[in-house]
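J.: Let me begin by handing over the structure; questions about it come next.
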Amino acid sequence: MRGVHPARVALVPVLLLLVGCSISTSLSTSSTSSQSSSDSSTSLSTSSDSSARSSESSARSSESSSRSSRRGDREPRYLEDVRRYTAANVRAGVPLETFQKELGELARSHGLTHWEEDETTYLGIGEGLGDAAVGKAELEMYKTTFSRSDPVKRQAIQRGYDTR
Amino acid sequence: MIRRLVRRAALVASLAIGFPIHGWASERFIDYLYIDANEGGSSGGHVAVRVDDDVFHFEYRRPGMLVLRRDPFGEFRHDYTALDNRTIEVSRIPVSEATFRVARERLRRRHFVQRRQLERSDTLRTERRILEQMLQGYVDVDGAGFFSGRDRAPDPALLALRQQILETYGPTFLTERADTLRRRLAALDRPDVSEPALGAPVDEAPAPAYGVGRRYRDTLTALTALEVLATARPLRPEVTITAAAQELRLDADDALRVQRLSDALTASLVRLIDSPRPDWGFPLLLGMARLATLERTRASGQWVFLDAFPPNAAVIERARVPGRPEMIGAMLTDAQSTLDVARGRLWSAARSGGPFDDRGFADFEGAGNRIAEIRRALDDGRDLRLPYYVRLPARSESRPAVLAPSPAALGAHLVVAREHEQAYDRVLERLYEYRLVTRNCVTEILRELDAALLGERADVDGSLSFVPALSALAVKERYGVSDVIRIPSHRRARLTRLYEEENALRVFLRESNTITSTLYRQNSRDSTFVFFTDDVVVTRPVFGAVNVLTGIAASGVGLVTAPFDRGKRLRAGLRGAFFSLPELVFQNIRKGSFEYVGAATRDGSEVWH
């Protein structure tokens, strides 16, 4: 075993000062998008100074800040999120109710509560189904389930699916 | 040593062969960002990588985890260069389109996986908390706090909504819907559905879970929403915000638009109440509260919004508001601009006759909150809540835990929930444990860049590249940086402009200290100091000595005032002395920070060296 060089020992206090990375206690890193305060203030996954957290998912809500983001900036991110969550849930065989619940939380973190009336949701679901490489029969099943027979929503899912 | 040099040479050679892209010929860039130090957030500096418009960076979070964040570049830059007043050094790495895509997907994927893992952790925590509340006989319900008790006069907007629902679905609809919810609550006493496995592979997103507690709360929330609707309970006055300001006054056209918005929202809520989603209760409560604010808006001729500020928002105390006219003016200008854009989008959506624009209304509501808050602070002499983090309103209130499972069943669920929560937290802490030298914000970024650009993990043992301030050198050596750009901190950028416009000596004398500076005002987040030392070198030790003495003196005063200000002045003084010590040996950490930086000033600081 090699001995520890004294110079390195002397460096330790300097390193403690120099190596820090950002600690998520600054104003700059706090961002959630729902004002509920029913959850933890010491959550493992949340900024320690987040003044309010989504009751369901502060980790998720840290993604969106309504502080300066406008709709145009947030929509692509929401679309991508719905796509990724859909693909992951379909691959994992997550029950529909749990999937819907998760979509609700995801939408809420983007400042959207009634996701069933937002076309981007259906585009994202379609894209996620495409990423999960579901077959035609399964696609039809999801289209029927999520669109509740609304042709506009069905078409949006199909359009999203066709892009992948 | 020789072996290391050979290894590095081999790496550089492999870069040249594998990625023969020169700066001038490159289609794309990956930017390595080094953010210099400041007190508070990161006294050793911070690093990040920008791919496209996304900035990825690892943050330390208590109790000792490294968490990958993904932020839009504009927000990241605003946070670090404007509010935190730190300079960003951008090292541009030219890459091919294919490499760019690989790197972007790799980072996005890693972020997604960790995010879902953290969500899972939060979900387990929430589940446990709800079960604890249920055992105590109540559950906090988001949205329930918007509405008054039953003894108040019914809200006309909710009466109209109720009528429309009954006309659409029939007179027994609400009763039947409530019965279904009660049956669902009663059925929750059955054995729980199987929970997904608790493992957490670093590259695999966990499946979501939906346990008894959260199912119970969602069902109770829906029942609460039906109860509010059935009795048309009015809003509590304290949940709304408005101001007698020109910006919030309705004109003749607006009155018609408000009616259109109300109609669209009503139609949307009529559809929502028949939704199969399990968590429709909160959206219905929020929608009804917004409908009631639209009715108040119509009646008063002045926009009324749900208060969207978080309960413990950072504030500028009322005594300080009159002394900050430039900052308040910038806030107002920004808020007005955001309101105009949001209003334009909302009206455009309303004209098209589509469904209620939920997100557009949230943007408008947020902008309206900012205007109202600033006007109230100016006109009524109130504290000003900082208009940064406006939220989706979700006033929570405790509700009795009706039809809950038996205490024995709840106790059993709680035992399992606690075990799951603790086990999963341990898994995550192991997976993402922060280590000062071997796993910090630099090592993880370099690991990702290595994998994306080199296809392997480069050996950094023995080097100091894990130190943020030195890491840019390693990046230059390893990835073939073609260009280095500096984005100056807010103060430095404005200082440069002042030097161009005014007498240099006068600017130096005036702006070198916190007392006469026109660019900086004491921010409550900052420690006590007199001289800025980030833009001077020769005089740094002298200025540093004054700063140390100032910090010590402030600490002495803070000792006396501690009983009255809860040690605030004492802490600021001690931190001031501590962060001045490096200045004695020509090093700078503290730069001061800003409470608010307006968009106009931000745009003006677009200086790339």
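In the structure tokens, the first chain shown is A, the next is B, and so on; residue numbers restart at 1 for each chain, and ligands run from 1 in the order shown.
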Would you mind listing, as a PDB file with N, CA and C atoms, in the first residue's frame, all residues of chain B that have at least one atom within 6 Å of chain A, where only C-alpha atoms are what counts?

T.:
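File written: out.pdb
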ATOM      1  N   GLY B  41     -24.634  28.638  -2.729  1.00  0.00           N
ATOM      2  CA  GLY B  41     -24.921  27.499  -3.593  1.00  0.00           C
ATOM      3  C   GLY B  41     -23.762  26.548  -3.761  1.00  0.00           C
ATOM      4  N   SER B  42     -22.629  27.052  -4.216  1.00  0.00           N
ATOM      5  CA  SER B  42     -21.481  26.174  -4.440  1.00  0.00           C
ATOM      6  C   SER B  42     -20.208  27.001  -4.381  1.00  0.00           C
ATOM      7  N   GLY B  44     -17.309  26.002  -4.482  1.00  0.00           N
ATOM      8  CA  GLY B  44     -16.238  25.475  -5.321  1.00  0.00           C
ATOM      9  C   GLY B  44     -16.566  25.556  -6.792  1.00  0.00           C
ATOM     10  N   GLY B  45     -17.627  26.234  -7.159  1.00  0.00           N
ATOM     11  CA  GLY B  45     -18.030  26.288  -8.551  1.00  0.00           C
ATOM     12  C   GLY B  45     -18.944  25.126  -8.891  1.00  0.00           C
ATOM     13  N   HIS B  46     -19.408  25.126 -10.115  1.00  0.00           N
ATOM     14  CA  HIS B  46     -20.368  24.113 -10.548  1.00  0.00           C
ATOM     15  C   HIS B  46     -20.104  23.842 -12.014  1.00  0.00           C
ATOM     16  N   GLU B  59     -26.690  17.939  -9.059  1.00  0.00           N
ATOM     17  CA  GLU B  59     -26.734  18.742  -7.834  1.00  0.00           C
ATOM     18  C   GLU B  59     -26.653  17.845  -6.613  1.00  0.00           C
ATOM     19  N   TYR B  60     -26.055  18.411  -5.589  1.00  0.00           N
ATOM     20  CA  TYR B  60     -26.023  17.713  -4.303  1.00  0.00           C
ATOM     21  C   TYR B  60     -27.345  17.949  -3.589  1.00  0.00           C
ATOM     22  N   ARG B  61     -27.931  16.870  -3.131  1.00  0.00           N
ATOM     23  CA  ARG B  61     -29.142  17.026  -2.338  1.00  0.00           C
ATOM     24  C   ARG B  61     -29.040  16.239  -1.047  1.00  0.00           C
ATOM     25  N   ASP B  79     -30.739  31.884 -13.905  1.00  0.00           N
ATOM     26  CA  ASP B  79     -30.521  31.537 -12.500  1.00  0.00           C
ATOM     27  C   ASP B  79     -29.070  31.769 -12.081  1.00  0.00           C
ATOM     28  N   LEU B 118     -36.913   8.855  -8.345  1.00  0.00           N
ATOM     29  CA  LEU B 118     -37.185   9.823  -7.281  1.00  0.00           C
ATOM     30  C   LEU B 118     -38.687   9.990  -7.080  1.00  0.00           C
ATOM     31  N   GLU B 119     -39.415   9.920  -8.171  1.00  0.00           N
ATOM     32  CA  GLU B 119     -40.876   9.986  -8.057  1.00  0.00           C
ATOM     33  C   GLU B 119     -41.403   8.800  -7.269  1.00  0.00           C
ATOM     34  N   ASP B 122     -40.868   9.475  -3.714  1.00  0.00           N
ATOM     35  CA  ASP B 122     -41.872  10.428  -3.222  1.00  0.00           C
ATOM     36  C   ASP B 122     -43.229   9.765  -3.045  1.00  0.00           C
ATOM     37  N   TYR B 210     -49.660   2.568  -7.235  1.00  0.00           N
ATOM     38  CA  TYR B 210     -50.842   3.345  -6.853  1.00  0.00           C
ATOM     39  C   TYR B 210     -51.476   2.612  -5.673  1.00  0.00           C
ATOM     40  N   ARG B 277     -60.871   8.584 -15.329  1.00  0.00           N
ATOM     41  CA  ARG B 277     -59.593   8.700 -14.607  1.00  0.00           C
ATOM     42  C   ARG B 277     -59.851   8.696 -13.099  1.00  0.00           C
ATOM     43  N   PRO B 283     -58.892  18.213 -10.261  1.00  0.00           N
ATOM     44  CA  PRO B 283     -59.164  19.098 -11.405  1.00  0.00           C
ATOM     45  C   PRO B 283     -60.558  19.718 -11.346  1.00  0.00           C
ATOM     46  N   PRO B 310     -46.975  30.321  -3.456  1.00  0.00           N
ATOM     47  CA  PRO B 310     -46.823  29.278  -2.440  1.00  0.00           C
ATOM     48  C   PRO B 310     -46.976  29.866  -1.047  1.00  0.00           C
ATOM     49  N   ASN B 312     -45.299  29.782   1.628  1.00  0.00           N
ATOM     50  CA  ASN B 312     -44.117  30.398   2.261  1.00  0.00           C
ATOM     51  C   ASN B 312     -43.201  31.019   1.211  1.00  0.00           C
ATOM     52  N   ASP B 358     -56.686  24.961 -20.640  1.00  0.00           N
ATOM     53  CA  ASP B 358     -56.284  24.788 -19.248  1.00  0.00           C
ATOM     54  C   ASP B 358     -54.907  25.404 -18.971  1.00  0.00           C
ATOM     55  N   ARG B 359     -53.944  25.034 -19.817  1.00  0.00           N
ATOM     56  CA  ARG B 359     -52.582  25.538 -19.594  1.00  0.00           C
ATOM     57  C   ARG B 359     -52.480  27.034 -19.892  1.00  0.00           C
ATOM     58  N   TYR B 388     -41.501  34.951  -8.672  1.00  0.00           N
ATOM     59  CA  TYR B 388     -40.817  33.942  -9.480  1.00  0.00           C
ATOM     60  C   TYR B 388     -41.611  32.654  -9.592  1.00  0.00           C
ATOM     61  N   TYR B 389     -41.933  32.088  -8.438  1.00  0.00           N
ATOM     62  CA  TYR B 389     -42.439  30.732  -8.448  1.00  0.00           C
ATOM     63  C   TYR B 389     -43.936  30.684  -8.167  1.00  0.00           C
ATOM     64  N   ARG B 391     -47.485  29.079  -8.614  1.00  0.00           N
ATOM     65  CA  ARG B 391     -47.843  27.661  -8.762  1.00  0.00           C
ATOM     66  C   ARG B 391     -49.259  27.485  -9.292  1.00  0.00           C
ATOM     67  N   LEU B 392     -49.543  26.234  -9.576  1.00  0.00           N
ATOM     68  CA  LEU B 392     -50.926  25.866  -9.809  1.00  0.00           C
ATOM     69  C   LEU B 392     -51.609  25.942  -8.438  1.00  0.00           C
ATOM     70  N   PRO B 393     -52.659  26.737  -8.299  1.00  0.00           N
ATOM     71  CA  PRO B 393     -53.278  26.841  -6.972  1.00  0.00           C
ATOM     72  C   PRO B 393     -53.798  25.477  -6.512  1.00  0.00           C
ATOM     73  N   ALA B 394     -53.623  25.170  -5.238  1.00  0.00           N
ATOM     74  CA  ALA B 394     -54.073  23.859  -4.735  1.00  0.00           C
ATOM     75  C   ALA B 394     -54.276  23.938  -3.240  1.00  0.00           C
ATOM     76  N   CYS B 441     -20.363  16.479  -8.985  1.00  0.00           N
ATOM     77  CA  CYS B 441     -21.010  16.989 -10.198  1.00  0.00           C
ATOM     78  C   CYS B 441     -20.083  16.914 -11.406  1.00  0.00           C
ATOM     79  N   VAL B 467     -12.199  18.613  -9.521  1.00  0.00           N
ATOM     80  CA  VAL B 467     -12.442  19.947  -8.960  1.00  0.00           C
ATOM     81  C   VAL B 467     -13.094  20.793 -10.056  1.00  0.00           C
TER      82      VAL B 467
END

J.: Give the helix (DSSP H, G or I) residues of range 191-360 of chain B, as assigned by DSSP on the backbone, as JSON, numbers by chain.

T.: {"B": [212, 213, 214, 215, 216, 217, 218, 219, 220, 221, 222, 223, 224, 225, 226, 227, 228, 229, 230, 231, 237, 238, 239, 246, 247, 248, 252, 253, 254, 255, 256, 257, 258, 259, 260, 261, 262, 263, 264, 265, 266, 267, 268, 269, 270, 271, 272, 281, 282, 283, 284, 285, 286, 287, 288, 289, 290, 291, 292, 293, 294, 295, 296, 297, 298, 299, 300, 325, 326, 327, 328, 329, 330, 331, 332, 333, 334, 335, 336, 337, 338, 339, 340, 341, 342, 343, 344, 345, 346, 347, 348, 349, 350, 351, 352, 358, 359, 360]}

J.: Can you tell me, as a ChimeraX atom specification, what residues are no more than 10 Å from Ala205 in chain B when counting only C-alpha atoms, ignoring any on the same chain fewer than 3 positions away?

T.: /A:85,88-89,92 /B:109-118,120,200-202,208

J.: Take the selection from the previous step and output its residues with N, CA and C atoms, as an mmCIF file, in the first residue's frame.

T.:
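Now in result.cif:
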data_model
loop_
_atom_site.group_PDB
_atom_site.id
_atom_site.type_symbol
_atom_site.label_atom_id
_atom_site.label_comp_id
_atom_site.auth_asym_id
_atom_site.auth_seq_id
_atom_site.Cartn_x
_atom_site.Cartn_y
_atom_site.Cartn_z
ATOM 1 N N TYR A 85 -43.117 8.419 -20.629
ATOM 2 C CA TYR A 85 -43.882 7.727 -19.589
ATOM 3 C C TYR A 85 -44.777 6.653 -20.224
ATOM 4 N N ALA A 88 -42.637 3.653 -21.301
ATOM 5 C CA ALA A 88 -42.177 2.881 -20.143
ATOM 6 C C ALA A 88 -43.333 2.101 -19.524
ATOM 7 N N ASN A 89 -44.502 2.729 -19.403
ATOM 8 C CA ASN A 89 -45.638 2.056 -18.778
ATOM 9 C C ASN A 89 -46.177 0.917 -19.631
ATOM 10 N N ALA A 92 -43.869 -1.972 -19.369
ATOM 11 C CA ALA A 92 -43.930 -2.623 -18.051
ATOM 12 C C ALA A 92 -45.296 -3.241 -17.763
ATOM 13 N N ARG B 109 -32.184 10.144 -21.248
ATOM 14 C CA ARG B 109 -32.599 8.843 -20.738
ATOM 15 C C ARG B 109 -32.186 8.698 -19.262
ATOM 16 N N ARG B 110 -30.948 9.079 -18.983
ATOM 17 C CA ARG B 110 -30.475 8.954 -17.600
ATOM 18 C C ARG B 110 -31.312 9.845 -16.671
ATOM 19 N N HIS B 111 -31.598 11.041 -17.149
ATOM 20 C CA HIS B 111 -32.417 11.956 -16.365
ATOM 21 C C HIS B 111 -33.804 11.366 -16.124
ATOM 22 N N PHE B 112 -34.377 10.795 -17.159
ATOM 23 C CA PHE B 112 -35.720 10.223 -17.054
ATOM 24 C C PHE B 112 -35.752 9.083 -16.040
ATOM 25 N N VAL B 113 -34.747 8.218 -16.116
ATOM 26 C CA VAL B 113 -34.715 7.060 -15.219
ATOM 27 C C VAL B 113 -34.601 7.530 -13.767
ATOM 28 N N GLN B 114 -33.686 8.456 -13.515
ATOM 29 C CA GLN B 114 -33.531 8.899 -12.129
ATOM 30 C C GLN B 114 -34.770 9.654 -11.643
ATOM 31 N N ARG B 115 -35.337 10.420 -12.536
ATOM 32 C CA ARG B 115 -36.535 11.171 -12.160
ATOM 33 C C ARG B 115 -37.653 10.231 -11.726
ATOM 34 N N ARG B 116 -37.832 9.153 -12.482
ATOM 35 C CA ARG B 116 -38.899 8.217 -12.101
ATOM 36 C C ARG B 116 -38.561 7.499 -10.792
ATOM 37 N N GLN B 117 -37.288 7.260 -10.594
ATOM 38 C CA GLN B 117 -36.902 6.641 -9.320
ATOM 39 C C GLN B 117 -37.198 7.578 -8.154
ATOM 40 N N LEU B 118 -36.913 8.855 -8.345
ATOM 41 C CA LEU B 118 -37.185 9.823 -7.281
ATOM 42 C C LEU B 118 -38.687 9.990 -7.080
ATOM 43 N N ARG B 120 -40.816 7.664 -7.535
ATOM 44 C CA ARG B 120 -41.229 6.463 -6.808
ATOM 45 C C ARG B 120 -40.980 6.649 -5.316
ATOM 46 N N ALA B 200 -33.798 -0.927 -7.980
ATOM 47 C CA ALA B 200 -33.597 0.314 -8.740
ATOM 48 C C ALA B 200 -32.327 0.224 -9.576
ATOM 49 N N PRO B 201 -32.389 -0.521 -10.691
ATOM 50 C CA PRO B 201 -31.221 -0.534 -11.566
ATOM 51 C C PRO B 201 -30.957 0.869 -12.086
ATOM 52 N N VAL B 202 -29.695 1.217 -12.245
ATOM 53 C CA VAL B 202 -29.354 2.590 -12.591
ATOM 54 C C VAL B 202 -29.891 2.996 -13.962
ATOM 55 N N PRO B 208 -44.670 2.652 -12.013
ATOM 56 C CA PRO B 208 -45.352 3.423 -10.965
ATOM 57 C C PRO B 208 -46.237 2.530 -10.106
#

J.: Within 9 Å of Arg492 in chain B, counting only C-alpha atoms, which residues qualify if same-chain residues fewer than 4 places away don't, as an NGL selection string?

T.: :B and (85-87 or 488 or 496-497 or 534-535)

J.: Using the selection just defined, write its residues with C-alpha atoms as an mmCIF file, in the first residue's frame.

T.:
data_model
loop_
_atom_site.group_PDB
_atom_site.id
_atom_site.type_symbol
_atom_site.label_atom_id
_atom_site.label_comp_id
_atom_site.auth_asym_id
_atom_site.auth_seq_id
_atom_site.Cartn_x
_atom_site.Cartn_y
_atom_site.Cartn_z
ATOM 1 C CA ASN B 85 -24.311 36.610 -10.374
ATOM 2 C CA ARG B 86 -21.807 34.020 -11.548
ATOM 3 C CA THR B 87 -19.829 33.888 -14.769
ATOM 4 C CA PRO B 488 -20.319 37.249 -17.728
ATOM 5 C CA THR B 496 -18.426 46.563 -18.540
ATOM 6 C CA ARG B 497 -21.101 48.776 -20.015
ATOM 7 C CA ASP B 534 -14.309 39.330 -8.247
ATOM 8 C CA ASP B 535 -13.359 42.074 -10.741
#

J.: Looking only at the backbone, which of the residues in range 69-278 of chain B does DSSP tag as strand (DSSP E), as a list in words?

T.: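 Answer for range 69-278 of chain B restricted to strand (DSSP E) is Arg69, Arg70, Asp71, Pro72, Ile88, Glu89, Val90, Ser91, Arg92, Ile93, Pro94, Val95, Tyr138, Val139, Asp140, Val141, Asp142, Thr240 and Ile241 of chain B.
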
J.: By how many Å are CA of Val49 in chain B and CA of Gly598 in chain B apart?

T.: 25.5 Å

J.: Write out as a ChimeraX atom specification which residues come within 12 Å of Leu139 in chain A when counting only C-alpha atoms, dropping same-chain ones fewer than 2 positions away.

T.: /A:90,125-137,141-147,154-155,157-162

J.: Keeping only N, CA and C atoms, write those residues as a PDB file, in the first residue's frame.

T.:
ATOM      1  N   VAL A  90     -46.202   1.136 -20.941  1.00  0.00           N
ATOM      2  CA  VAL A  90     -46.697   0.080 -21.826  1.00  0.00           C
ATOM      3  C   VAL A  90     -45.751  -1.120 -21.784  1.00  0.00           C
ATOM      4  N   ILE A 125     -49.059  10.167 -26.206  1.00  0.00           N
ATOM      5  CA  ILE A 125     -49.426   8.758 -25.994  1.00  0.00           C
ATOM      6  C   ILE A 125     -49.135   7.965 -27.280  1.00  0.00           C
ATOM      7  N   GLY A 126     -49.515   8.542 -28.410  1.00  0.00           N
ATOM      8  CA  GLY A 126     -49.263   7.865 -29.695  1.00  0.00           C
ATOM      9  C   GLY A 126     -47.772   7.641 -29.921  1.00  0.00           C
ATOM     10  N   GLU A 127     -46.995   8.663 -29.642  1.00  0.00           N
ATOM     11  CA  GLU A 127     -45.541   8.535 -29.825  1.00  0.00           C
ATOM     12  C   GLU A 127     -44.974   7.468 -28.884  1.00  0.00           C
ATOM     13  N   GLY A 128     -45.461   7.465 -27.662  1.00  0.00           N
ATOM     14  CA  GLY A 128     -44.986   6.468 -26.690  1.00  0.00           C
ATOM     15  C   GLY A 128     -45.356   5.057 -27.117  1.00  0.00           C
ATOM     16  N   LEU A 129     -46.561   4.920 -27.663  1.00  0.00           N
ATOM     17  CA  LEU A 129     -46.972   3.595 -28.152  1.00  0.00           C
ATOM     18  C   LEU A 129     -46.072   3.171 -29.317  1.00  0.00           C
ATOM     19  N   GLY A 130     -45.704   4.153 -30.126  1.00  0.00           N
ATOM     20  CA  GLY A 130     -44.778   3.862 -31.227  1.00  0.00           C
ATOM     21  C   GLY A 130     -43.422   3.426 -30.696  1.00  0.00           C
ATOM     22  N   ASP A 131     -42.930   4.139 -29.688  1.00  0.00           N
ATOM     23  CA  ASP A 131     -41.629   3.784 -29.094  1.00  0.00           C
ATOM     24  C   ASP A 131     -41.664   2.396 -28.471  1.00  0.00           C
ATOM     25  N   ALA A 132     -42.815   2.067 -27.897  1.00  0.00           N
ATOM     26  CA  ALA A 132     -42.938   0.738 -27.273  1.00  0.00           C
ATOM     27  C   ALA A 132     -43.206  -0.337 -28.323  1.00  0.00           C
ATOM     28  N   ALA A 133     -43.323   0.093 -29.566  1.00  0.00           N
ATOM     29  CA  ALA A 133     -43.516  -0.828 -30.699  1.00  0.00           C
ATOM     30  C   ALA A 133     -44.728  -1.736 -30.515  1.00  0.00           C
ATOM     31  N   VAL A 134     -45.839  -1.135 -30.093  1.00  0.00           N
ATOM     32  CA  VAL A 134     -47.054  -1.957 -29.963  1.00  0.00           C
ATOM     33  C   VAL A 134     -47.596  -2.275 -31.361  1.00  0.00           C
ATOM     34  N   GLY A 135     -48.273  -3.394 -31.481  1.00  0.00           N
ATOM     35  CA  GLY A 135     -48.847  -3.798 -32.765  1.00  0.00           C
ATOM     36  C   GLY A 135     -50.141  -3.059 -33.045  1.00  0.00           C
ATOM     37  N   LYS A 136     -50.683  -3.300 -34.219  1.00  0.00           N
ATOM     38  CA  LYS A 136     -51.908  -2.595 -34.645  1.00  0.00           C
ATOM     39  C   LYS A 136     -53.085  -2.851 -33.700  1.00  0.00           C
ATOM     40  N   ALA A 137     -53.225  -4.108 -33.296  1.00  0.00           N
ATOM     41  CA  ALA A 137     -54.373  -4.454 -32.443  1.00  0.00           C
ATOM     42  C   ALA A 137     -54.282  -3.723 -31.101  1.00  0.00           C
ATOM     43  N   MET A 141     -56.623  -0.755 -29.341  1.00  0.00           N
ATOM     44  CA  MET A 141     -57.175  -0.860 -27.986  1.00  0.00           C
ATOM     45  C   MET A 141     -56.886   0.423 -27.188  1.00  0.00           C
ATOM     46  N   TYR A 142     -55.646   0.895 -27.285  1.00  0.00           N
ATOM     47  CA  TYR A 142     -55.281   2.122 -26.556  1.00  0.00           C
ATOM     48  C   TYR A 142     -56.050   3.323 -27.117  1.00  0.00           C
ATOM     49  N   LYS A 143     -56.204   3.353 -28.430  1.00  0.00           N
ATOM     50  CA  LYS A 143     -56.932   4.482 -29.040  1.00  0.00           C
ATOM     51  C   LYS A 143     -58.365   4.526 -28.511  1.00  0.00           C
ATOM     52  N   THR A 144     -58.981   3.359 -28.463  1.00  0.00           N
ATOM     53  CA  THR A 144     -60.368   3.306 -27.984  1.00  0.00           C
ATOM     54  C   THR A 144     -60.441   3.704 -26.506  1.00  0.00           C
ATOM     55  N   THR A 145     -59.502   3.187 -25.727  1.00  0.00           N
ATOM     56  CA  THR A 145     -59.533   3.439 -24.277  1.00  0.00           C
ATOM     57  C   THR A 145     -59.322   4.914 -23.962  1.00  0.00           C
ATOM     58  N   PHE A 146     -58.288   5.491 -24.565  1.00  0.00           N
ATOM     59  CA  PHE A 146     -57.948   6.866 -24.193  1.00  0.00           C
ATOM     60  C   PHE A 146     -58.842   7.909 -24.875  1.00  0.00           C
ATOM     61  N   SER A 147     -59.276   7.612 -26.099  1.00  0.00           N
ATOM     62  CA  SER A 147     -60.042   8.641 -26.821  1.00  0.00           C
ATOM     63  C   SER A 147     -61.502   8.653 -26.399  1.00  0.00           C
ATOM     64  N   ARG A 154     -58.541  10.143 -31.252  1.00  0.00           N
ATOM     65  CA  ARG A 154     -58.049   8.929 -31.953  1.00  0.00           C
ATOM     66  C   ARG A 154     -57.015   9.315 -33.005  1.00  0.00           C
ATOM     67  N   GLN A 155     -57.359  10.346 -33.766  1.00  0.00           N
ATOM     68  CA  GLN A 155     -56.440  10.768 -34.836  1.00  0.00           C
ATOM     69  C   GLN A 155     -55.116  11.271 -34.261  1.00  0.00           C
ATOM     70  N   ILE A 157     -53.667  10.324 -31.493  1.00  0.00           N
ATOM     71  CA  ILE A 157     -52.859   9.158 -31.083  1.00  0.00           C
ATOM     72  C   ILE A 157     -52.218   8.517 -32.317  1.00  0.00           C
ATOM     73  N   GLN A 158     -53.010   8.371 -33.368  1.00  0.00           N
ATOM     74  CA  GLN A 158     -52.478   7.768 -34.596  1.00  0.00           C
ATOM     75  C   GLN A 158     -51.350   8.618 -35.176  1.00  0.00           C
ATOM     76  N   ARG A 159     -51.535   9.933 -35.169  1.00  0.00           N
ATOM     77  CA  ARG A 159     -50.488  10.828 -35.714  1.00  0.00           C
ATOM     78  C   ARG A 159     -49.190  10.684 -34.922  1.00  0.00           C
ATOM     79  N   GLY A 160     -49.331  10.647 -33.602  1.00  0.00           N
ATOM     80  CA  GLY A 160     -48.138  10.468 -32.768  1.00  0.00           C
ATOM     81  C   GLY A 160     -47.470   9.141 -33.056  1.00  0.00           C
ATOM     82  N   TYR A 161     -48.270   8.101 -33.177  1.00  0.00           N
ATOM     83  CA  TYR A 161     -47.742   6.750 -33.448  1.00  0.00           C
ATOM     84  C   TYR A 161     -46.998   6.739 -34.782  1.00  0.00           C
ATOM     85  N   ASP A 162     -47.566   7.407 -35.756  1.00  0.00           N
ATOM     86  CA  ASP A 162     -46.981   7.396 -37.113  1.00  0.00           C
ATOM     87  C   ASP A 162     -45.643   8.132 -37.189  1.00  0.00           C
TER      88      ASP A 162
END

J.: Show me, as a PyMOL selection string, the residues that have an atom within 9 Å of Leu131 in chain B when counting only C-alpha atoms, minus same-chain residues fewer than 6 positions from it.

T.: chain B and resi 139+212-214+410-411+413-414+417

J.: What is the CA of Arg236 in chain B to CA of Ser148 in chain B distance in Å?

T.: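 Between these atoms lies a distance of 5.1 Å.
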
J.: Need the shell around range 292-300 of chain B: protein/DNA/RNA residues with any atom at most 12 Å away, counting only C-alpha atoms. Skip same-chain ones fewer than 3 positions apart. Format as a compact mmCIF listing (two decimals) with C-alpha atoms, in the first residue's frame?

T.:
# COMPACT_ATOMS: atom_id res chain seq x y z
CA PHE B 146 -60.77 26.95 -1.84
CA PHE B 147 -64.32 26.83 -0.57
CA PRO B 154 -74.35 29.50 -2.82
CA ASP B 155 -72.09 30.57 -5.65
CA PRO B 156 -74.10 31.38 -8.80
CA ALA B 157 -71.43 29.97 -11.14
CA LEU B 158 -71.47 26.62 -9.35
CA LEU B 159 -75.25 26.58 -9.29
CA ALA B 160 -75.23 27.02 -13.07
CA LEU B 161 -72.60 24.30 -13.48
CA LEU B 229 -70.84 21.09 -6.33
CA ALA B 232 -72.49 25.29 -4.58
CA ARG B 233 -70.24 26.47 -1.79
CA PRO B 234 -68.69 29.89 -2.43
CA LEU B 235 -64.99 30.71 -2.51
CA ARG B 236 -63.17 31.82 0.58
CA PRO B 237 -62.17 35.46 0.12
CA VAL B 239 -57.93 32.33 -1.70
CA THR B 240 -58.29 35.00 -4.37
CA ILE B 241 -56.09 37.87 -5.41
CA THR B 242 -56.87 41.06 -7.31
CA ALA B 243 -55.88 44.71 -7.34
CA ALA B 244 -57.47 47.95 -8.47
CA LEU B 248 -56.45 44.14 -14.47
CA ARG B 249 -59.48 46.19 -15.48
CA LEU B 250 -61.94 44.66 -17.96
CA ASP B 251 -62.80 46.59 -21.10
CA ALA B 252 -66.01 46.12 -23.09
CA ASP B 253 -64.56 43.32 -25.22
CA ASP B 254 -63.12 41.56 -22.20
CA ALA B 255 -66.54 41.18 -20.63
CA LEU B 256 -67.66 39.12 -23.61
CA ARG B 257 -64.46 37.10 -23.54
CA VAL B 258 -64.88 36.32 -19.85
CA GLN B 259 -68.30 34.94 -20.66
CA ARG B 260 -66.79 32.77 -23.40
CA LEU B 261 -64.13 31.51 -21.02
CA SER B 262 -66.76 30.66 -18.43
CA ASP B 263 -68.80 28.77 -20.99
CA ALA B 264 -65.78 26.81 -22.21
CA LEU B 265 -64.70 25.99 -18.67
CA THR B 266 -68.20 24.92 -17.71
CA LEU B 285 -62.27 21.44 -7.48
CA LEU B 286 -59.73 23.69 -9.19
CA GLY B 287 -61.98 24.16 -12.21
CA MET B 288 -64.95 25.11 -10.01
CA ALA B 289 -62.81 27.58 -8.07
CA TRP B 303 -59.76 40.40 -12.96
CA VAL B 304 -59.93 38.16 -9.91
CA PHE B 305 -57.61 35.13 -9.74
CA LEU B 306 -56.99 32.26 -7.40
CA ASP B 307 -53.93 33.11 -5.34
CA PHE B 361 -55.43 29.91 -18.38
CA GLU B 365 -53.58 33.31 -13.94
